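J.: For reference, this is query11.pdb, and it has PDB, N, CA, C and O atoms.
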ATOM      1  N   PRO A 149      50.865  78.991  81.924
ATOM      2  CA  PRO A 149      51.488  80.080  82.665
ATOM      3  C   PRO A 149      50.607  80.519  83.826
ATOM      4  O   PRO A 149      49.401  80.477  83.746
ATOM      5  N   TYR A 150      51.275  80.937  84.870
ATOM      6  CA  TYR A 150      50.585  81.375  86.090
ATOM      7  C   TYR A 150      50.174  82.831  85.945
ATOM      8  O   TYR A 150      50.959  83.669  85.548
ATOM      9  N   GLU A 151      48.951  83.127  86.285
ATOM     10  CA  GLU A 151      48.487  84.512  86.270
ATOM     11  C   GLU A 151      47.568  84.711  87.452
ATOM     12  O   GLU A 151      46.696  83.889  87.729
ATOM     13  N   GLU A 152      47.773  85.796  88.159
ATOM     14  CA  GLU A 152      46.946  86.091  89.324
ATOM     15  C   GLU A 152      46.380  87.494  89.185
ATOM     16  O   GLU A 152      47.094  88.432  88.876
ATOM     17  N   LYS A 153      45.103  87.593  89.387
ATOM     18  CA  LYS A 153      44.458  88.895  89.459
ATOM     19  C   LYS A 153      43.617  88.894  90.712
ATOM     20  O   LYS A 153      42.955  87.922  91.032
ATOM     21  N   THR A 154      43.659  89.979  91.432
ATOM     22  CA  THR A 154      42.900  90.106  92.660
ATOM     23  C   THR A 154      41.903  91.225  92.492
ATOM     24  O   THR A 154      42.259  92.302  92.027
ATOM     25  N   SER A 155      40.652  90.980  92.846
ATOM     26  CA  SER A 155      39.665  92.050  92.808
ATOM     27  C   SER A 155      39.272  92.394  94.227
ATOM     28  O   SER A 155      39.313  91.558  95.124
ATOM     29  N   TYR A 156      38.915  93.636  94.429
ATOM     30  CA  TYR A 156      38.525  94.122  95.740
ATOM     31  C   TYR A 156      37.023  94.272  95.755
ATOM     32  O   TYR A 156      36.448  94.923  94.890
ATOM     33  N   THR A 157      36.394  93.685  96.733
ATOM     34  CA  THR A 157      34.947  93.719  96.856
ATOM     35  C   THR A 157      34.589  94.043  98.293
ATOM     36  O   THR A 157      35.164  93.483  99.223
ATOM     37  N   PHE A 158      33.663  94.953  98.457
ATOM     38  CA  PHE A 158      33.142  95.198  99.793
ATOM     39  C   PHE A 158      31.986  94.248 100.017
ATOM     40  O   PHE A 158      31.151  94.051  99.153
ATOM     41  N   LEU A 159      31.969  93.636 101.193
ATOM     42  CA  LEU A 159      30.980  92.614 101.512
ATOM     43  C   LEU A 159      29.937  93.161 102.472
ATOM     44  O   LEU A 159      30.256  93.953 103.354
ATOM     45  N   GLY A 160      28.719  92.717 102.290
ATOM     46  CA  GLY A 160      27.647  93.075 103.200
ATOM     47  C   GLY A 160      27.735  92.264 104.478
ATOM     48  O   GLY A 160      28.637  91.452 104.676
ATOM     49  N   ARG A 161      26.772  92.434 105.351
ATOM     50  CA  ARG A 161      26.781  91.771 106.649
ATOM     51  C   ARG A 161      26.705  90.255 106.519
ATOM     52  O   ARG A 161      27.242  89.534 107.333
ATOM     53  N   GLU A 162      26.037  89.762 105.502
ATOM     54  CA  GLU A 162      25.920  88.323 105.311
ATOM     55  C   GLU A 162      27.018  87.770 104.410
ATOM     56  O   GLU A 162      26.962  86.633 103.978
ATOM     57  N   GLY A 163      28.009  88.573 104.074
ATOM     58  CA  GLY A 163      29.112  88.111 103.251
ATOM     59  C   GLY A 163      28.858  88.193 101.761
ATOM     60  O   GLY A 163      29.661  87.715 100.973
ATOM     61  N   ARG A 164      27.732  88.778 101.360
ATOM     62  CA  ARG A 164      27.441  88.939  99.929
ATOM     63  C   ARG A 164      28.234  90.118  99.369
ATOM     64  O   ARG A 164      28.486  91.092 100.071
ATOM     65  N   ASP A 165      28.597  90.019  98.088
ATOM     66  CA  ASP A 165      29.280  91.131  97.420
ATOM     67  C   ASP A 165      28.347  92.332  97.339
ATOM     68  O   ASP A 165      27.203  92.207  96.932
ATOM     69  N   LEU A 166      28.866  93.499  97.712
ATOM     70  CA  LEU A 166      28.116  94.731  97.530
ATOM     71  C   LEU A 166      28.520  95.403  96.221
ATOM     72  O   LEU A 166      27.688  95.793  95.433
ATOM     73  N   GLN A 167      29.820  95.555  96.049
ATOM     74  CA  GLN A 167      30.311  96.224  94.849
ATOM     75  C   GLN A 167      31.788  95.912  94.666
ATOM     76  O   GLN A 167      32.563  96.005  95.612
ATOM     77  N   LYS A 168      32.172  95.572  93.446
ATOM     78  CA  LYS A 168      33.595  95.408  93.135
ATOM     79  C   LYS A 168      34.155  96.805  92.864
ATOM     80  O   LYS A 168      33.598  97.551  92.076
ATOM     81  N   VAL A 169      35.254  97.122  93.535
ATOM     82  CA  VAL A 169      35.775  98.487  93.473
ATOM     83  C   VAL A 169      37.197  98.574  92.926
ATOM     84  O   VAL A 169      37.771  99.661  92.896
ATOM     85  N   GLY A 170      37.763  97.460  92.475
ATOM     86  CA  GLY A 170      39.095  97.546  91.900
ATOM     87  C   GLY A 170      39.715  96.178  91.712
ATOM     88  O   GLY A 170      39.142  95.165  92.089
ATOM     89  N   PHE A 171      40.896  96.198  91.084
ATOM     90  CA  PHE A 171      41.646  94.953  90.924
ATOM     91  C   PHE A 171      43.130  95.254  90.875
ATOM     92  O   PHE A 171      43.549  96.385  90.637
ATOM     93  N   TYR A 172      43.916  94.221  91.121
ATOM     94  CA  TYR A 172      45.371  94.316  91.063
ATOM     95  C   TYR A 172      45.886  93.098  90.321
ATOM     96  O   TYR A 172      45.527  91.973  90.636
ATOM     97  N   ASP A 173      46.716  93.336  89.321
ATOM     98  CA  ASP A 173      47.331  92.269  88.533
ATOM     99  C   ASP A 173      48.843  92.396  88.714
ATOM    100  O   ASP A 173      49.481  93.233  88.075
ATOM    101  N   PRO A 174      49.441  91.599  89.619
ATOM    102  CA  PRO A 174      50.869  91.744  89.908
ATOM    103  C   PRO A 174      51.779  91.335  88.753
ATOM    104  O   PRO A 174      52.899  91.824  88.651
ATOM    105  N   ILE A 175      51.315  90.462  87.875
ATOM    106  CA  ILE A 175      52.138  90.028  86.747
ATOM    107  C   ILE A 175      52.388  91.192  85.795
ATOM    108  O   ILE A 175      53.509  91.441  85.359
ATOM    109  N   ASN A 176      51.323  91.920  85.477
ATOM    110  CA  ASN A 176      51.434  93.060  84.565
ATOM    111  C   ASN A 176      51.570  94.386  85.296
ATOM    112  O   ASN A 176      51.590  95.443  84.669
ATOM    113  N   ASN A 177      51.639  94.330  86.627
ATOM    114  CA  ASN A 177      51.765  95.515  87.468
ATOM    115  C   ASN A 177      50.672  96.537  87.150
ATOM    116  O   ASN A 177      50.949  97.717  86.947
ATOM    117  N   GLN A 178      49.429  96.073  87.092
ATOM    118  CA  GLN A 178      48.295  96.945  86.811
ATOM    119  C   GLN A 178      47.392  97.014  88.031
ATOM    120  O   GLN A 178      47.119  96.006  88.676
ATOM    121  N   THR A 179      46.932  98.213  88.318
ATOM    122  CA  THR A 179      45.987  98.425  89.407
ATOM    123  C   THR A 179      44.877  99.320  88.907
ATOM    124  O   THR A 179      45.130 100.316  88.231
ATOM    125  N   TYR A 180      43.642  98.959  89.222
ATOM    126  CA  TYR A 180      42.504  99.825  88.943
ATOM    127  C   TYR A 180      41.749  99.989  90.255
ATOM    128  O   TYR A 180      41.412  99.007  90.911
ATOM    129  N   LEU A 181      41.505 101.230  90.635
ATOM    130  CA  LEU A 181      40.759 101.516  91.848
ATOM    131  C   LEU A 181      39.628 102.488  91.514
ATOM    132  O   LEU A 181      39.871 103.537  90.920
ATOM    133  N   ASN A 182      38.425 102.146  91.906
ATOM    134  CA  ASN A 182      37.286 103.046  91.784
ATOM    135  C   ASN A 182      37.277 103.875  93.066
ATOM    136  O   ASN A 182      36.600 103.551  94.043
ATOM    137  N   VAL A 183      38.067 104.950  93.076
ATOM    138  CA  VAL A 183      38.316 105.715  94.298
ATOM    139  C   VAL A 183      37.035 106.286  94.904
ATOM    140  O   VAL A 183      36.841 106.181  96.117
ATOM    141  N   PRO A 184      36.120 106.885  94.124
ATOM    142  CA  PRO A 184      34.894 107.391  94.764
ATOM    143  C   PRO A 184      34.117 106.299  95.505
ATOM    144  O   PRO A 184      33.623 106.521  96.614
ATOM    145  N   ALA A 185      34.031 105.109  94.926
ATOM    146  CA  ALA A 185      33.323 104.007  95.581
ATOM    147  C   ALA A 185      34.076 103.550  96.829
ATOM    148  O   ALA A 185      33.474 103.274  97.864
ATOM    149  N   ILE A 186      35.405 103.482  96.746
ATOM    150  CA  ILE A 186      36.215 103.075  97.898
ATOM    151  C   ILE A 186      36.051 104.078  99.034
ATOM    152  O   ILE A 186      35.841 103.711 100.193
ATOM    153  N   LEU A 187      36.106 105.368  98.708
ATOM    154  CA  LEU A 187      35.931 106.404  99.729
ATOM    155  C   LEU A 187      34.560 106.300 100.381
ATOM    156  O   LEU A 187      34.424 106.452 101.598
ATOM    157  N   TYR A 188      33.530 106.022  99.588
ATOM    158  CA  TYR A 188      32.176 105.877 100.123
ATOM    159  C   TYR A 188      32.145 104.772 101.181
ATOM    160  O   TYR A 188      31.640 104.978 102.284
ATOM    161  N   PHE A 189      32.698 103.611 100.851
ATOM    162  CA  PHE A 189      32.661 102.490 101.787
ATOM    163  C   PHE A 189      33.542 102.745 103.012
ATOM    164  O   PHE A 189      33.170 102.389 104.135
ATOM    165  N   LEU A 190      34.693 103.372 102.819
ATOM    166  CA  LEU A 190      35.551 103.679 103.966
ATOM    167  C   LEU A 190      34.870 104.670 104.899
ATOM    168  O   LEU A 190      34.964 104.554 106.128
ATOM    169  N   GLU A 191      34.172 105.657 104.339
ATOM    170  CA  GLU A 191      33.449 106.629 105.160
ATOM    171  C   GLU A 191      32.315 105.972 105.937
ATOM    172  O   GLU A 191      31.933 106.453 107.004
ATOM    173  N   LYS A 192      31.793 104.878 105.424
ATOM    174  CA  LYS A 192      30.726 104.129 106.109
ATOM    175  C   LYS A 192      31.284 103.143 107.135
ATOM    176  O   LYS A 192      30.536 102.439 107.777
ATOM    177  N   GLY A 193      32.623 103.072 107.252
ATOM    178  CA  GLY A 193      33.236 102.235 108.277
ATOM    179  C   GLY A 193      33.821 100.924 107.787
ATOM    180  O   GLY A 193      34.199 100.074 108.606
ATOM    181  N   ALA A 194      33.922 100.733 106.481
ATOM    182  CA  ALA A 194      34.504  99.499 105.952
ATOM    183  C   ALA A 194      35.962  99.382 106.381
ATOM    184  O   ALA A 194      36.669 100.382 106.473
ATOM    185  N   GLN A 195      36.405  98.160 106.643
ATOM    186  CA  GLN A 195      37.776  97.890 107.060
ATOM    187  C   GLN A 195      38.464  97.042 105.997
ATOM    188  O   GLN A 195      38.119  95.880 105.824
ATOM    189  N   PRO A 196      39.443  97.610 105.264
ATOM    190  CA  PRO A 196      40.148  96.819 104.249
ATOM    191  C   PRO A 196      41.094  95.807 104.900
ATOM    192  O   PRO A 196      41.540  95.997 106.032
ATOM    193  N   THR A 197      41.391  94.747 104.159
ATOM    194  CA  THR A 197      42.400  93.794 104.627
ATOM    195  C   THR A 197      43.758  94.494 104.639
ATOM    196  O   THR A 197      43.916  95.581 104.068
ATOM    197  N   ALA A 198      44.740  93.885 105.248
ATOM    198  CA  ALA A 198      46.077  94.486 105.337
ATOM    199  C   ALA A 198      46.665  94.719 103.948
ATOM    200  O   ALA A 198      47.260  95.779 103.686
ATOM    201  N   THR A 199      46.493  93.765 103.048
ATOM    202  CA  THR A 199      47.036  93.908 101.696
ATOM    203  C   THR A 199      46.352  95.048 100.952
ATOM    204  O   THR A 199      47.010  95.882 100.335
ATOM    205  N   VAL A 200      45.022  95.082 101.022
ATOM    206  CA  VAL A 200      44.285  96.153 100.344
ATOM    207  C   VAL A 200      44.626  97.493 100.981
ATOM    208  O   VAL A 200      44.794  98.496 100.287
ATOM    209  N   HIS A 201      44.784  97.518 102.296
ATOM    210  CA  HIS A 201      45.174  98.752 102.991
ATOM    211  C   HIS A 201      46.486  99.286 102.430
ATOM    212  O   HIS A 201      46.616 100.485 102.156
ATOM    213  N   ASP A 202      47.463  98.400 102.238
ATOM    214  CA  ASP A 202      48.763  98.827 101.703
ATOM    215  C   ASP A 202      48.624  99.400 100.293
ATOM    216  O   ASP A 202      49.256 100.406  99.964
ATOM    217  N   ILE A 203      47.805  98.777  99.462
ATOM    218  CA  ILE A 203      47.603  99.263  98.100
ATOM    219  C   ILE A 203      46.883 100.611  98.115
ATOM    220  O   ILE A 203      47.262 101.535  97.386
ATOM    221  N   LEU A 204      45.877 100.754  98.958
ATOM    222  CA  LEU A 204      45.160 102.028  99.060
ATOM    223  C   LEU A 204      46.072 103.130  99.591
ATOM    224  O   LEU A 204      46.001 104.271  99.142
ATOM    225  N   LYS A 205      46.935 102.769 100.524
ATOM    226  CA  LYS A 205      47.886 103.746 101.070
ATOM    227  C   LYS A 205      48.853 104.212  99.986
ATOM    228  O   LYS A 205      49.121 105.405  99.849
ATOM    229  N   LYS A 206      49.355 103.266  99.213
ATOM    230  CA  LYS A 206      50.285 103.600  98.123
ATOM    231  C   LYS A 206      49.610 104.508  97.093
ATOM    232  O   LYS A 206      50.252 105.377  96.500
ATOM    233  N   ALA A 207      48.310 104.323  96.885
ATOM    234  CA  ALA A 207      47.562 105.129  95.922
ATOM    235  C   ALA A 207      47.028 106.432  96.537
ATOM    236  O   ALA A 207      46.281 107.165  95.892
ATOM    237  N   SER A 208      47.402 106.727  97.774
ATOM    238  CA  SER A 208      47.010 107.949  98.490
ATOM    239  C   SER A 208      45.504 108.068  98.712
ATOM    240  O   SER A 208      44.981 109.175  98.845
ATOM    241  N   VAL A 209      44.812 106.956  98.775
ATOM    242  CA  VAL A 209      43.366 106.988  99.003
ATOM    243  C   VAL A 209      43.061 107.520 100.398
ATOM    244  O   VAL A 209      42.106 108.269 100.587
ATOM    245  N   PHE A 210      43.884 107.199 101.387
ATOM    246  CA  PHE A 210      43.620 107.658 102.748
ATOM    247  C   PHE A 210      43.830 109.160 102.877
ATOM    248  O   PHE A 210      43.175 109.812 103.686
ATOM    249  N   THR A 211      44.710 109.727 102.064
ATOM    250  CA  THR A 211      44.876 111.179 102.041
ATOM    251  C   THR A 211      43.594 111.827 101.543
ATOM    252  O   THR A 211      43.124 112.815 102.116
ATOM    253  N   GLU A 212      43.011 111.268 100.493
ATOM    254  CA  GLU A 212      41.751 111.783  99.973
ATOM    255  C   GLU A 212      40.636 111.622 100.996
ATOM    256  O   GLU A 212      39.788 112.493 101.135
ATOM    257  N   LEU A 213      40.659 110.510 101.728
ATOM    258  CA  LEU A 213      39.642 110.275 102.748
ATOM    259  C   LEU A 213      39.722 111.344 103.825
ATOM    260  O   LEU A 213      38.707 111.912 104.214
ATOM    261  N   SER A 214      40.925 111.656 104.311
ATOM    262  CA  SER A 214      41.037 112.666 105.355
ATOM    263  C   SER A 214      40.695 114.055 104.825
ATOM    264  O   SER A 214      40.127 114.860 105.542
ATOM    265  N   LEU A 215      40.972 114.336 103.559
ATOM    266  CA  LEU A 215      40.557 115.614 102.974
ATOM    267  C   LEU A 215      39.037 115.703 102.917
ATOM    268  O   LEU A 215      38.458 116.745 103.226
ATOM    269  N   ASN A 216      38.380 114.622 102.522
ATOM    270  CA  ASN A 216      36.918 114.607 102.478
ATOM    271  C   ASN A 216      36.326 114.800 103.868
ATOM    272  O   ASN A 216      35.351 115.517 104.029
ATOM    273  N   GLN A 217      36.909 114.167 104.879
ATOM    274  CA  GLN A 217      36.388 114.277 106.233
ATOM    275  C   GLN A 217      36.605 115.688 106.768
ATOM    276  O   GLN A 217      35.782 116.215 107.500
ATOM    277  N   THR A 218      37.692 116.345 106.392
ATOM    278  CA  THR A 218      37.959 117.710 106.829
ATOM    279  C   THR A 218      36.925 118.670 106.241
ATOM    280  O   THR A 218      36.474 119.587 106.900
ATOM    281  N   LYS A 219      36.538 118.448 104.984
ATOM    282  CA  LYS A 219      35.555 119.320 104.335
ATOM    283  C   LYS A 219      34.214 119.299 105.041
ATOM    284  O   LYS A 219      33.516 120.304 105.104
ATOM    285  N   PHE A 220      33.840 118.139 105.594
ATOM    286  CA  PHE A 220      32.509 117.998 106.179
ATOM    287  C   PHE A 220      32.473 118.288 107.682
ATOM    288  O   PHE A 220      31.418 118.363 108.259
ATOM    289  N   ASN A 221      33.624 118.424 108.303
ATOM    290  CA  ASN A 221      33.639 118.688 109.759
ATOM    291  C   ASN A 221      33.793 120.149 110.058
ATOM    292  O   ASN A 221      34.168 120.968 109.382
TER
END
Just dump the structure as structure tokens.
T.:
Amino acid sequence: PYEEKTSYTFLGREGRDLQKVGFYDPINNQTYLNVPAILYFLEKGAQPTATVHDILKKASVFTELSLNQTKFN
């Protein structure tokens, strides 16, 4: 049987894994996101792929990001 799981990893400048921050399993419709870690990397300027961007948007991560940025400005 076919099974696909995707994990999200932020990469360093040399392409090395920095930290795995979540996964998506479309077969079982499961998503795990380490939101504090994702917010940390996004605040540092990380750019998610289009697919990861869509998943983060659906999970309202960007809303949390803008709330965090409002608190500090």
J.: What's the separation between atom CA of A:Ile186 and atom CA of A:His201, in Å to one decimal place?
T.: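 Pair atom CA of A:Ile186 / atom CA of A:His201 returns 11.2 Å.
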J.: Enter the distance from atom N of A:Phe189 to atom O of A:Lys206, in Å, rounded to one decimal.
T.: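 Between atom N of A:Phe189 and atom O of A:Lys206 the gap is 18.2 Å.
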J.: Suppose you want the space between atom C of A:Phe171 and atom C of A:Leu204; what is it in Å?
T.: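 Spanning atom C of A:Phe171 to atom C of A:Leu204 is a straight-line distance of 12.1 Å.
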J.: Please identify all polymer residues lying at most 10 Å from the point (40.1, 99.0, 87.6) (file coordinates), using only C-alpha atoms, and present the result as a VMD selection string.
T.: chain A and resid 155 to 156 168 to 173 178 to 183
J.: With distances taken over only C-alpha atoms, which of A:Val209, A:Thr197, A:Ile203, A:Leu215 is nearest to A:Ala185?
T.: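 Ranked by minimum distance to A:Ala185, first place goes to A:Val209.
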J.: Some atoms are absent from stretch 194-205 of chain A, so rebuild all heavy atoms and return them as a PDB file, keeping the file's coordinate frame.
T.:
ATOM      1  N   ALA A 194      33.922 100.733 106.481  1.00  0.00           N
ATOM      2  CA  ALA A 194      34.504  99.499 105.952  1.00  0.00           C
ATOM      3  C   ALA A 194      35.962  99.382 106.381  1.00  0.00           C
ATOM      4  O   ALA A 194      36.669 100.382 106.473  1.00  0.00           O
ATOM      5  CB  ALA A 194      34.409  99.483 104.430  1.00  0.00           C
ATOM      6  N   GLN A 195      36.405  98.160 106.643  1.00  0.00           N
ATOM      7  CA  GLN A 195      37.776  97.890 107.060  1.00  0.00           C
ATOM      8  C   GLN A 195      38.464  97.042 105.997  1.00  0.00           C
ATOM      9  O   GLN A 195      38.119  95.880 105.824  1.00  0.00           O
ATOM     10  CB  GLN A 195      37.787  97.138 108.394  1.00  0.00           C
ATOM     11  CG  GLN A 195      37.175  97.905 109.537  1.00  0.00           C
ATOM     12  CD  GLN A 195      38.006  99.106 109.910  1.00  0.00           C
ATOM     13  OE1 GLN A 195      39.229  99.024 110.017  1.00  0.00           O
ATOM     14  NE2 GLN A 195      37.351 100.232 110.105  1.00  0.00           N
ATOM     15  N   PRO A 196      39.443  97.610 105.264  1.00  0.00           N
ATOM     16  CA  PRO A 196      40.148  96.819 104.249  1.00  0.00           C
ATOM     17  C   PRO A 196      41.094  95.807 104.900  1.00  0.00           C
ATOM     18  O   PRO A 196      41.540  95.997 106.032  1.00  0.00           O
ATOM     19  CB  PRO A 196      40.928  97.869 103.456  1.00  0.00           C
ATOM     20  CG  PRO A 196      41.119  98.994 104.406  1.00  0.00           C
ATOM     21  CD  PRO A 196      39.917  98.987 105.313  1.00  0.00           C
ATOM     22  N   THR A 197      41.391  94.747 104.159  1.00  0.00           N
ATOM     23  CA  THR A 197      42.400  93.794 104.627  1.00  0.00           C
ATOM     24  C   THR A 197      43.758  94.494 104.639  1.00  0.00           C
ATOM     25  O   THR A 197      43.916  95.581 104.068  1.00  0.00           O
ATOM     26  CB  THR A 197      42.471  92.570 103.707  1.00  0.00           C
ATOM     27  OG1 THR A 197      42.907  93.002 102.412  1.00  0.00           O
ATOM     28  CG2 THR A 197      41.140  91.854 103.611  1.00  0.00           C
ATOM     29  N   ALA A 198      44.740  93.885 105.248  1.00  0.00           N
ATOM     30  CA  ALA A 198      46.077  94.486 105.337  1.00  0.00           C
ATOM     31  C   ALA A 198      46.665  94.719 103.948  1.00  0.00           C
ATOM     32  O   ALA A 198      47.260  95.779 103.686  1.00  0.00           O
ATOM     33  CB  ALA A 198      46.997  93.602 106.161  1.00  0.00           C
ATOM     34  N   THR A 199      46.493  93.765 103.048  1.00  0.00           N
ATOM     35  CA  THR A 199      47.036  93.908 101.696  1.00  0.00           C
ATOM     36  C   THR A 199      46.352  95.048 100.952  1.00  0.00           C
ATOM     37  O   THR A 199      47.010  95.882 100.335  1.00  0.00           O
ATOM     38  CB  THR A 199      46.873  92.596 100.908  1.00  0.00           C
ATOM     39  OG1 THR A 199      47.539  91.555 101.618  1.00  0.00           O
ATOM     40  CG2 THR A 199      47.439  92.710  99.512  1.00  0.00           C
ATOM     41  N   VAL A 200      45.022  95.082 101.022  1.00  0.00           N
ATOM     42  CA  VAL A 200      44.285  96.153 100.344  1.00  0.00           C
ATOM     43  C   VAL A 200      44.626  97.493 100.981  1.00  0.00           C
ATOM     44  O   VAL A 200      44.794  98.496 100.287  1.00  0.00           O
ATOM     45  CB  VAL A 200      42.765  95.876 100.375  1.00  0.00           C
ATOM     46  CG1 VAL A 200      41.982  97.059  99.849  1.00  0.00           C
ATOM     47  CG2 VAL A 200      42.446  94.619  99.578  1.00  0.00           C
ATOM     48  N   HIS A 201      44.784  97.518 102.296  1.00  0.00           N
ATOM     49  CA  HIS A 201      45.174  98.752 102.991  1.00  0.00           C
ATOM     50  C   HIS A 201      46.486  99.286 102.430  1.00  0.00           C
ATOM     51  O   HIS A 201      46.616 100.485 102.156  1.00  0.00           O
ATOM     52  CB  HIS A 201      45.299  98.482 104.490  1.00  0.00           C
ATOM     53  CG  HIS A 201      45.689  99.673 105.281  1.00  0.00           C
ATOM     54  ND1 HIS A 201      46.986 100.082 105.444  1.00  0.00           N
ATOM     55  CD2 HIS A 201      44.934 100.573 105.951  1.00  0.00           C
ATOM     56  CE1 HIS A 201      47.033 101.170 106.176  1.00  0.00           C
ATOM     57  NE2 HIS A 201      45.789 101.491 106.510  1.00  0.00           N
ATOM     58  N   ASP A 202      47.463  98.400 102.238  1.00  0.00           N
ATOM     59  CA  ASP A 202      48.763  98.827 101.703  1.00  0.00           C
ATOM     60  C   ASP A 202      48.624  99.400 100.293  1.00  0.00           C
ATOM     61  O   ASP A 202      49.256 100.406  99.964  1.00  0.00           O
ATOM     62  CB  ASP A 202      49.754  97.669 101.703  1.00  0.00           C
ATOM     63  CG  ASP A 202      50.153  97.244 103.108  1.00  0.00           C
ATOM     64  OD1 ASP A 202      49.913  98.019 104.069  1.00  0.00           O
ATOM     65  OD2 ASP A 202      50.699  96.138 103.243  1.00  0.00           O
ATOM     66  N   ILE A 203      47.805  98.777  99.462  1.00  0.00           N
ATOM     67  CA  ILE A 203      47.603  99.263  98.100  1.00  0.00           C
ATOM     68  C   ILE A 203      46.883 100.611  98.115  1.00  0.00           C
ATOM     69  O   ILE A 203      47.262 101.535  97.386  1.00  0.00           O
ATOM     70  CB  ILE A 203      46.846  98.217  97.257  1.00  0.00           C
ATOM     71  CG1 ILE A 203      47.748  96.997  97.032  1.00  0.00           C
ATOM     72  CG2 ILE A 203      46.380  98.804  95.925  1.00  0.00           C
ATOM     73  CD1 ILE A 203      47.054  95.799  96.445  1.00  0.00           C
ATOM     74  N   LEU A 204      45.877 100.754  98.958  1.00  0.00           N
ATOM     75  CA  LEU A 204      45.160 102.028  99.060  1.00  0.00           C
ATOM     76  C   LEU A 204      46.072 103.130  99.591  1.00  0.00           C
ATOM     77  O   LEU A 204      46.001 104.271  99.142  1.00  0.00           O
ATOM     78  CB  LEU A 204      43.929 101.873  99.958  1.00  0.00           C
ATOM     79  CG  LEU A 204      42.839 100.922  99.472  1.00  0.00           C
ATOM     80  CD1 LEU A 204      41.710 100.851 100.488  1.00  0.00           C
ATOM     81  CD2 LEU A 204      42.328 101.310  98.104  1.00  0.00           C
ATOM     82  N   LYS A 205      46.935 102.769 100.524  1.00  0.00           N
ATOM     83  CA  LYS A 205      47.886 103.746 101.070  1.00  0.00           C
ATOM     84  C   LYS A 205      48.853 104.212  99.986  1.00  0.00           C
ATOM     85  O   LYS A 205      49.121 105.405  99.849  1.00  0.00           O
ATOM     86  CB  LYS A 205      48.642 103.132 102.248  1.00  0.00           C
ATOM     87  CG  LYS A 205      49.552 104.081 102.959  1.00  0.00           C
ATOM     88  CD  LYS A 205      50.169 103.412 104.173  1.00  0.00           C
ATOM     89  CE  LYS A 205      51.120 104.357 104.885  1.00  0.00           C
ATOM     90  NZ  LYS A 205      51.728 103.710 106.052  1.00  0.00           N
TER      91      LYS A 205
END
